[in-house]
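Asks: After the structure tokens below, expect a handful of questions from me.
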Amino acid sequence: MRTITYAQAINEAMSEEMRKDENIVFMGEDIGVYGGAFGVSRGMFEEFGDDRVKDTPISELVITGCAAGAAMTGLRPIVEIMFSDFITLAMEQLANQAAKNRFQFGGQAAVPMVLRTPGGSGTGAAEQHSQSLEAWVCHVPGLKVVIPSTPYDAKGLLKASMLDNNPVVFIEQKLLYRSKGEVPEVEDDYIIPLGKADIKREGKDVTIVTYGRMVQRSLEVAEKFASEGVDIEVIDVRTLVPLDKECLIESAKKTGKVLVVHEACQTGGYGGELASTIVDSDAFFYLDAPVKRLGGLDVPIPYNPNLEALVVPTEEKITAAVRELL
Amino acid sequence: MRTITYAQAINEAMSEEMRKDENIVFMGEDIGVYGGAFGVSRGMFEEFGDDRVKDTPISELVITGCAAGAAMTGLRPIVEIMFSDFITLAMEQLANQAAKNRFQFGGQAAVPMVLRTPGGSGTGAAEQHSQSLEAWVCHVPGLKVVIPSTPYDAKGLLKASMLDNNPVVFIEQKLLYRSKGEVPEVEDDYIIPLGKADIKREGKDVTIVTYGRMVQRSLEVAEKFASEGVDIEVIDVRTLVPLDKECLIESAKKTGKVLVVHEACQTGGYGGELASTIVDSDAFFYLDAPVKRLGGLDVPIPYNPNLEALVVPTEEKITAAVRELL
Amino acid sequence: MGLPKETHEELYTKMVQCREFEEKAAKLFIQGKVHGTAHFCIGEEATGIGVSSALEVEDYILQTHRGHNQGIGKNMDINRMMAEFLGKETGYCKGKGGCMHIADFSVGSLGANGVVGGGLPIATGAAFSQKYKKSDNITVCYFGDGASNEGAFHESLNLAAAWKLPVLFVCTNNLYGMSTSVKKSMAISDISVRASGYGMKGIALDGNDVVNIYEETKKAKKYVQKNGPMLMVLNTYRWMGHSKSDAQLYRSKEEVNEWKEKCPIKRHREFLIESGMFTAEQIKAIDKSAKQDIENAVAYAEASPEPKIEDIFDDVYAD
Amino acid sequence: MGLPKETHEELYTKMVQCREFEEKAAKLFIQGKVHGTAHFCIGEEATGIGVSSALEVEDYILQTHRGHNQGIGKNMDINRMMAEFLGKETGYCKGKGGCMHIADFSVGSLGANGVVGGGLPIATGAAFSQKYKKSDNITVCYFGDGASNEGAFHESLNLAAAWKLPVLFVCTNNLYGMSTSVKKSMAISDISVRASGYGMKGIALDGNDVVNIYEETKKAKKYVQKNGPMLMVLNTYRWMGHSKSDAQLYRSKEEVNEWKEKCPIKRHREFLIESGMFTAEQIKAIDKSAKQDIENAVAYAEASPEPKIEDIFDDVYAD
Ligand SMILES: Cc1ncc(C[n+]2csc(CCOP(=O)(O)OP(=O)(O)O)c2C)c(N)n1
Ligand SMILES: Cc1ncc(C[n+]2csc(CCOP(=O)(O)OP(=O)(O)O)c2C)c(N)n1
Ligand SMILES: [Mg+2]
Ligand SMILES: [Mg+2]
């Protein structure tokens with residue numbers, strides 16, 4: 001095992017697959033010499049050249065559609081949208097075209113593309129650069145949705161996304177780009193199949209269902225509770241669509257107490273899906289307490305760093321929510 | 001009381017308020033002489049002229065932003081997006097600008113606008129003209145979201161939306177446009193405050209929480225169950241944001257059995273929010289059965305009319321879901 | 001140096017087939033046999049048929065909601081088009097798409113689009129593939145005057161120009177987007193001037209002259225292969241309402257009638273006869289056989305099975 | 001017929017204030033006093049200051065992410081700008097927006113925008129209000145070369161032209177959108193040609209000549225009041241990196257240095273002295289006082305309270 005960053009893991013996944021498959025092309029704003037707004041693609045332009053690593057104009061709609069069109073005609077594009085807030089500009093091509101073209105053309109098309117984009121707050125970039133909009137794309141049949149929480153997962157899941165024959169929205173976590181973690185040696189190629197949640201910590205008293213940046217935070221809370229003798233299971237959903245319902249349901253049956261945590265604002269967030277999936281299953285009969293949700297406050301992400309930190313679930317808030325369940 | 005159609009009710013709400021307030025302007029594609037794709041605005045161009053009823057180019061992004069900009073500078077625009085599927089093209093201006101401008105400018109702006117758009121399937125218009133995308137807009141703090149199910153509600157809620165000082169997304173139901181219902185005489189001006197659910201049928205055995213086109217269908221199912229001695233309460237949420245949580249929770253406490261129904265595809269739909277709201281409240285302790293959700297299938301809306309009818313909740317499916325709860 | 005006789009015949013036949021197809025489709029509507037909507041291109045046949053017929057099977061097209069001519073020009077199977085219109089399993093989209101989504105990847109049609117301007121970004125991607133794979137083929141992207149006001153138009157033409165992608169952008173200017181006249185939706189009258197904002201060549205042609213459109217498309221293809229994208233505006237007119245239900249209050253009967261005089265089919269028919277290339281009888285035979293093709297298509301479609309709800313999850317995702 | 005002396009002084013003072021503001025802001029970053037990002041317009045001061053200074057308070061502006069000059073030109077309060085930059089409650093947005101969102105409705109600034117091209121549609125709406133209310137004022141919409149490739153640009157210019165809205169579209173062409181040269185992002189070199197696609201007048205100016213920009217804006221306002229929208233492209237250059245962290249591998253030191261020679265402040269300063277309007281001492285005094293203004297602003301901002309989490313729900317919705 002080696003220790004690399006989350007950004008590096010993503011870079012490796014792309015670069016390694018691009019070496020193997022000439023049909024993979026990569027396009028986005030400032031992904032070339034600049035290396036991407038968060039430096040994720042550094043070195044790729046130098047390695048693959050401007051035929052395959054393409055800086056685009058600032059035109060989110062067309063670059064998403066360009067990827068879809070290229071995917072429908074034999075390539076396997078990766079497109080980067082610099083901040084996930086700007087998928088607002090690309091939703092037409094993503095939801096109406098990429099997601100539906102296979103179905104509405106009666107199976108004639110396949111649209112094997114990955115749309116990578118960073119989500120989340122914490123960088124002081126305020127309202128229009130900090131959103132967590134995964135709920136939108138999870139609500140579009142035809143799309144798959146992935147949010148990795150560690151370098152290991154990021155690499156393995158991105159490879160699976162690139163090998164998938166469907167449009168996959170791969171939402172990265174800005175605040176994790178520099179976080180480090182273990183991944184196998186380069187020779188030990190691996191993928192992590194889409195649709196499998198990961199139990200990041202086993203426990204028997206309470207289940208926390210979460211994903212992305214909140215995984216680490218939940219694990220930290222779990223460790224603190226361990227010293228009190230409360231044993232928390234932390235499930236990292238990883239693939240939001242398709243969802244590993246079984247894993248959630250089994251854990252809920254085991255612990256009888258569930259807390260769903262995500263950074264996205266709570267109302268209309270994917271937490272509703274996660275909680276409801278558990279409640280509308282036989283796990284219901286094992287529940288000892290209401291299934292709690294803890295999302296971000298229903299406000300835009302503010303600029304001031306103190307406010308910014310407090311509008312999303314903090315360790316304190318997670319801890320308090322767990323206590324309510326006990 | 002008079003009997004008018006849902007489309008007429010919407011037309012009346014707009015026309016009556018426009019007569020009272022010169023600052024209301026109305027813009028959208030083909031809303032003028034054509035009267036709108038569904039005939040909702042017939043006669044308005046003739047009455048108010050092309051200064052106030054403005055046919056726009058086919059440019060969903062700018063017409064939404066134009067309304068927001070006009071709202072920020074003293075007008076109270078209504079904008080019509082011809083099919084709700086095309087808010088995909090307007091999400092940037094809606095979610096990043098209209099919804100956030102008040103907050104991100106520290107309260108300097110108000111954005112009193114209404115975005116009206118028809119949602120739902122059933123017209124044979126297929127994948128790109130039949131979606132129910134309310135979940136997206138419900139997940140954007142700063143927006144309010146309304147979906148009326150009757151002419152009475154449509155008129156009263158649209159007036160409230162027009163009088164509100166915030167951006168309101170008002171989602172109409174294509175298949176209800178020609179449905180008829182009672183509304184007060186023209187002299188009896190009324191509004192229905194946003195944020196209040198409506199119990200369309202009282203019952204004590206099971207609660208169905210729903211909105212839009214599924215309200216009538218749920219009521220029909222309820223009537224059938226009544227003959228079996230099962231007494232179903234049907235709650236029409238009406239205002240999705242802000243949500244009348246109290247009403248849902250009280251009903252769940254009363255019946256102990258809840259079914260959430262909506263047309264939008266189930267995964268990631270607003271049903272998750274509705275179900276979770278109940279489960280994560282003290283109503284949990286009154287529940288006798290899992291909170292069930294019944295949404296549309298997780299597929300794009302197909303063209304063939306038989307298929308189209310079967311991918312959304314039918315009376316049969318609602319009935320079966322209720323039976324599971326009994 | 002005119003076109004070979006077979007080409008003239010092909011163009012004529014396809015235009016008549018298209019007209020018959022849509023007239024029949026309109027009747028099926030009235031008979032209540034179709035649920036949904038359709039957009040007819042009657043009067044505009046020369047545009048899609050002139051352009052698509054000039055392409056090879058490996059060239060791609062992106063069709064619009066008003067694209068029967070575009071598809072027939074590209075040699076789509078009329079039976080399967082009709083079956084799709086009737087929502088049958090044998091239709092191009094297995095009955096799931098309807099005529100706003102007909103596609104035939106085997107002849108290079110990457111699909112019609114229900115979203116105005118929706119095909120433009122996709123076209124850049126198809127052309128990107130062609131360029132990336134060093135193919136000599138091009139992508140033709142159809143769209144309307146109304147679509148040229150969408151942001152997608154701008155971003156797509158700009159990207160294609162910046163990357164020198166082999167796309168021929170074909171704007172069918174029928175003077176209206178639904179009820180909205182180009183006079184109200186834009187402050188220009190010649191849409192081809194928009195090309196200059198992208199450093200692109202733009203031309204405007206009589207959209208009712210199928211022969212000229214065909215020849216100009218051949219030339220344009222060569223130009224595009226060598227220089228990158230180009231914009232071709234075809235000025236024409238839609239005879240019917242925008243879709244099923246359209247009272248057409250936004251235009252005068254006189255205007256419609258004036259354009260009916262300029263019927264592209266009549267024009268080509270007269271040319272074929274007057275030039276002595278075909279006799280009136282031969283033309284009649286073509287007309288008759290085209291009519292028969294459509295009858296056959298309806299029979300095929302009507303005899304075809306409905307799609308089954310059990311198959312509904314097919315094709316949501318690829319394996 | 002030159003400008004009055006006070007105008008020259010105003011333009012010069014504002015440019016120096018802007019430069020000082022940003023140089024100070026950059027230092028605060030380095031000192032770790034600011035969380036977040038900022039985009040500096042050093043080298044481009046003449047654009048926003050020249051244009052905004054030519055407007056009246058009732059004229060609206062829509063600012064960009066790189067818009068300190070645009071705001072200072074419109075007489076925004078430097079103290080509150082700095083306080084917002086530091087995220088304080090006394091800031092323009094109560095610390096909730098940061099410098100990507102500074103706005104001052106009292107002087108006609110409808111806000112800076114974090115979304116490239118995000119202000120363009122809003123500008124059409126503001127101008128719509130003005131026209132609807134038969135006001136004589138106009139809206140100025142700032143955006144960059146990069147933004148001119150967004151669909152929002154196209155739709156906004158087209159709508160404004162179709163409706164003859166009183167908007168002056170001002171494109172600050174600093175040759176790059178982040179790292180991407182205009183040579184790569186578009187196939188044209190003169191962005192003002194895009195105006196013709198909308199039937200609009202377009203002009204391109206030296207973006208470092210504050211006096212000419214001021215004068216041309218005055219003229220443009222008259223034109224816009226009478227004829228509807230116009231596009232004005234200001235060609236200039238950004239000296240600093242795109243934002244905080246930018247290694248600037250996409251351009252050469254030589255290119256940057258060439259442009260530094262063309263400093264708009266130096267140019268105006270030399271003009272003021274050489275023309276005899278001001279002495280070198282007077283200029284120094286202005287420089288000093290501008291520096292002091294910024295020091296004061298920092299002091300004001302630093303002394304201001306942090307916003308409180310209890311107030312977080314304020315302003316999500318209006319009553
Ligand atoms: C994005 C979008 N907006 C609106 C519509 C509704 N609509 C369908 S066709 C049409 C008119 C299109 O005009 P044009 O591009 O000129 O094509 P034409 O119908 O004239 O062939 C409209 C407004 C749509 N389908 N998609
Ligand atoms: C829609 C959108 N896409 C991308 C970005 C990231 N971004 C911020 S500024 C910028 C460059 C903008 O270029 P230009 O319009 O020329 O303005 P400049 O920064 O040069 O002043 C980019 C890509 C953004 N903020 N919004
Ligand atoms: Mg048209
Ligand atoms: Mg720039």
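All residue names refer to the structure tokens as shown: chains lettered A, B, ... in order, residues numbered from 1 in each chain, ligands numbered from 1 in order.
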Taking 5 positions as the minimum chain separation for residues in the same chain, which residues sit within 12 Å of C:Tyr142 when counting only C-alpha atoms? Answer as a compact mmCIF listing (two decimals) with N, CA, C and O atoms, in the first residue's frame.
Replies:
```txt
# COMPACT_ATOMS: atom_id res chain seq x y z
N THR C 47 -35.83 20.93 -47.36
CA THR C 47 -34.68 21.20 -46.48
C THR C 47 -34.00 19.91 -46.05
O THR C 47 -32.86 19.64 -46.44
N GLY C 48 -34.70 19.12 -45.26
CA GLY C 48 -34.09 17.91 -44.73
C GLY C 48 -33.77 16.89 -45.80
O GLY C 48 -32.78 16.17 -45.70
N ILE C 49 -34.62 16.87 -46.82
CA ILE C 49 -34.37 15.87 -47.87
C ILE C 49 -33.20 16.29 -48.74
O ILE C 49 -32.34 15.48 -49.08
N VAL C 51 -30.66 18.14 -47.82
CA VAL C 51 -29.40 18.02 -47.07
C VAL C 51 -29.05 16.56 -46.79
O VAL C 51 -27.96 16.09 -47.12
N SER C 52 -29.98 15.85 -46.16
CA SER C 52 -29.65 14.48 -45.72
C SER C 52 -29.30 13.58 -46.90
O SER C 52 -28.46 12.69 -46.78
N TYR C 60 -23.20 11.75 -39.74
CA TYR C 60 -24.26 11.77 -38.72
C TYR C 60 -25.23 12.91 -38.96
O TYR C 60 -24.83 13.96 -39.49
N ILE C 61 -26.46 12.68 -38.55
CA ILE C 61 -27.38 13.82 -38.45
C ILE C 61 -28.02 13.84 -37.06
O ILE C 61 -28.21 12.81 -36.43
N LEU C 62 -28.33 15.05 -36.62
CA LEU C 62 -29.13 15.25 -35.41
C LEU C 62 -30.41 15.90 -35.87
O LEU C 62 -30.38 16.99 -36.46
N GLN C 63 -31.52 15.26 -35.62
CA GLN C 63 -32.80 15.74 -36.12
C GLN C 63 -33.52 16.62 -35.11
O GLN C 63 -33.21 16.59 -33.92
N THR C 64 -34.52 17.32 -35.60
CA THR C 64 -35.35 18.12 -34.70
C THR C 64 -36.70 17.43 -34.49
O THR C 64 -36.98 16.39 -35.08
N HIS C 65 -37.53 18.09 -33.70
CA HIS C 65 -38.91 17.64 -33.48
C HIS C 65 -39.71 17.68 -34.79
O HIS C 65 -40.72 17.05 -34.91
N ARG C 66 -39.24 18.47 -35.74
CA ARG C 66 -39.94 18.59 -37.02
C ARG C 66 -39.06 17.96 -38.09
O ARG C 66 -38.65 18.61 -39.03
N GLY C 67 -38.78 16.68 -37.94
CA GLY C 67 -37.67 16.13 -38.70
C GLY C 67 -37.96 14.92 -39.56
O GLY C 67 -37.03 14.18 -39.90
N HIS C 68 -39.22 14.68 -39.93
CA HIS C 68 -39.46 13.51 -40.78
C HIS C 68 -38.68 13.61 -42.08
O HIS C 68 -38.14 12.62 -42.57
N ASN C 69 -38.62 14.81 -42.63
CA ASN C 69 -37.86 14.98 -43.87
C ASN C 69 -36.37 14.69 -43.66
O ASN C 69 -35.72 14.07 -44.50
N GLN C 70 -35.87 15.11 -42.53
CA GLN C 70 -34.45 14.89 -42.25
C GLN C 70 -34.15 13.38 -42.20
O GLN C 70 -33.12 12.92 -42.70
N GLY C 71 -35.06 12.64 -41.57
CA GLY C 71 -34.86 11.20 -41.43
C GLY C 71 -35.06 10.45 -42.74
O GLY C 71 -34.27 9.58 -43.11
N SER C 109 -28.50 8.42 -38.12
CA SER C 109 -29.33 9.40 -37.40
C SER C 109 -29.18 9.18 -35.91
O SER C 109 -29.59 8.17 -35.37
N LEU C 110 -28.61 10.16 -35.26
CA LEU C 110 -28.41 10.08 -33.81
C LEU C 110 -29.62 10.60 -33.05
O LEU C 110 -29.55 10.88 -31.87
N GLY C 111 -30.73 10.73 -33.77
CA GLY C 111 -31.96 11.00 -33.04
C GLY C 111 -32.55 12.36 -33.23
O GLY C 111 -31.86 13.35 -33.39
N ALA C 112 -33.89 12.37 -33.16
CA ALA C 112 -34.64 13.61 -33.12
C ALA C 112 -34.68 14.06 -31.67
O ALA C 112 -34.37 13.29 -30.76
N ASN C 113 -35.06 15.31 -31.46
CA ASN C 113 -34.96 15.86 -30.12
C ASN C 113 -36.22 16.63 -29.76
O ASN C 113 -36.72 17.42 -30.56
N VAL C 116 -35.89 22.04 -27.85
CA VAL C 116 -35.44 22.99 -28.87
C VAL C 116 -33.97 23.31 -28.62
O VAL C 116 -33.60 23.73 -27.53
N GLY C 117 -33.15 23.05 -29.62
CA GLY C 117 -31.71 23.27 -29.48
C GLY C 117 -30.99 22.13 -28.80
O GLY C 117 -29.76 22.17 -28.67
N GLY C 118 -31.70 21.12 -28.38
CA GLY C 118 -31.09 20.03 -27.63
C GLY C 118 -30.06 19.23 -28.40
O GLY C 118 -29.15 18.65 -27.83
N GLY C 119 -30.20 19.19 -29.71
CA GLY C 119 -29.26 18.40 -30.52
C GLY C 119 -27.94 19.11 -30.80
O GLY C 119 -26.96 18.47 -31.17
N LEU C 120 -27.92 20.41 -30.60
CA LEU C 120 -26.71 21.14 -30.98
C LEU C 120 -25.47 20.71 -30.19
O LEU C 120 -24.43 20.43 -30.80
N PRO C 121 -25.55 20.65 -28.88
CA PRO C 121 -24.35 20.18 -28.15
C PRO C 121 -23.97 18.74 -28.52
O PRO C 121 -22.78 18.43 -28.66
N ILE C 122 -24.98 17.89 -28.68
CA ILE C 122 -24.70 16.50 -29.04
C ILE C 122 -23.95 16.44 -30.37
O ILE C 122 -23.01 15.64 -30.55
N ALA C 123 -24.34 17.30 -31.29
CA ALA C 123 -23.68 17.32 -32.60
C ALA C 123 -22.19 17.64 -32.47
O ALA C 123 -21.36 17.05 -33.17
N ALA C 147 -34.68 27.90 -32.31
CA ALA C 147 -33.55 27.30 -31.59
C ALA C 147 -32.31 28.17 -31.64
O ALA C 147 -31.47 28.11 -30.74
N SER C 148 -32.21 28.97 -32.67
CA SER C 148 -30.99 29.79 -32.78
C SER C 148 -30.95 30.88 -31.72
O SER C 148 -29.96 31.59 -31.61
N PHE C 153 -27.21 27.01 -28.90
CA PHE C 153 -26.75 27.37 -30.24
C PHE C 153 -25.39 28.07 -30.15
O PHE C 153 -24.43 27.70 -30.81
N VAL C 167 -18.72 20.00 -38.37
CA VAL C 167 -20.18 20.07 -38.25
C VAL C 167 -20.73 21.05 -39.26
O VAL C 167 -20.23 22.18 -39.39
N LEU C 168 -21.76 20.64 -39.93
CA LEU C 168 -22.54 21.55 -40.75
C LEU C 168 -23.81 21.86 -39.97
O LEU C 168 -24.63 20.98 -39.72
N PHE C 169 -23.93 23.10 -39.53
CA PHE C 169 -25.11 23.53 -38.78
C PHE C 169 -26.17 23.97 -39.77
O PHE C 169 -25.93 24.90 -40.56
N VAL C 170 -27.30 23.31 -39.75
CA VAL C 170 -28.35 23.63 -40.72
C VAL C 170 -29.57 24.19 -40.01
O VAL C 170 -30.25 23.48 -39.26
N CYS C 171 -29.81 25.46 -40.23
CA CYS C 171 -30.93 26.13 -39.60
C CYS C 171 -32.11 26.20 -40.57
O CYS C 171 -32.03 26.84 -41.61
N THR C 172 -33.18 25.51 -40.21
CA THR C 172 -34.40 25.60 -40.99
C THR C 172 -35.18 26.81 -40.50
O THR C 172 -35.82 26.76 -39.46
N ASN C 173 -35.09 27.89 -41.23
CA ASN C 173 -35.79 29.10 -40.83
C ASN C 173 -37.16 29.12 -41.50
O ASN C 173 -37.28 29.46 -42.67
N LEU C 231 -22.28 27.33 -41.12
CA LEU C 231 -23.71 27.50 -40.85
C LEU C 231 -24.46 27.70 -42.16
O LEU C 231 -24.09 28.55 -42.98
N MET C 232 -25.47 26.89 -42.37
CA MET C 232 -26.28 27.00 -43.59
C MET C 232 -27.73 27.25 -43.17
O MET C 232 -28.32 26.44 -42.47
N VAL C 233 -28.27 28.38 -43.59
CA VAL C 233 -29.65 28.71 -43.24
C VAL C 233 -30.54 28.45 -44.44
O VAL C 233 -30.26 28.90 -45.55
N LEU C 234 -31.60 27.71 -44.21
CA LEU C 234 -32.53 27.39 -45.28
C LEU C 234 -33.85 28.10 -44.99
O LEU C 234 -34.55 27.77 -44.03
```
Asks: Leaving out B:His139 and any residue of its chain fewer than 5 positions from it, which residues lie within 12 Å of it when counting only C-alpha atoms, given as a VMD selection string?
Replies: (chain A and resid 131 to 137 139 264 to 272 295 to 300) or (chain B and resid 91 94 to 95 99 133 to 134 144 to 145 169 240 to 242 268 to 270 272 to 273)
Asks: Among stretch 134-283 of chain D, which residues carry a DSSP assignment of alpha helix (DSSP H), reported as a PyMOL selection string?
Replies: chain D and resi 151-162+182-185+210-227+253-261+264-274+280-283
Asks: Considering only C-alpha atoms, return as a PyMOL selection string whatever protein or nucleic-acid residues lie within 12 Å of C:Asn296, sequence-local ones (same chain, fewer than 2 positions apart) excluded.
Replies: chain C and resi 17+20-21+24+77-83+289-294+298-303
Asks: Excluding stretch 77-84 of chain A and its own-chain neighbours fewer than 6 positions away, which residues fall within 6 Å of it when counting only C-alpha atoms? Please give them as a ChimeraX atom specification.
Replies: /A:24-28,67,113-119
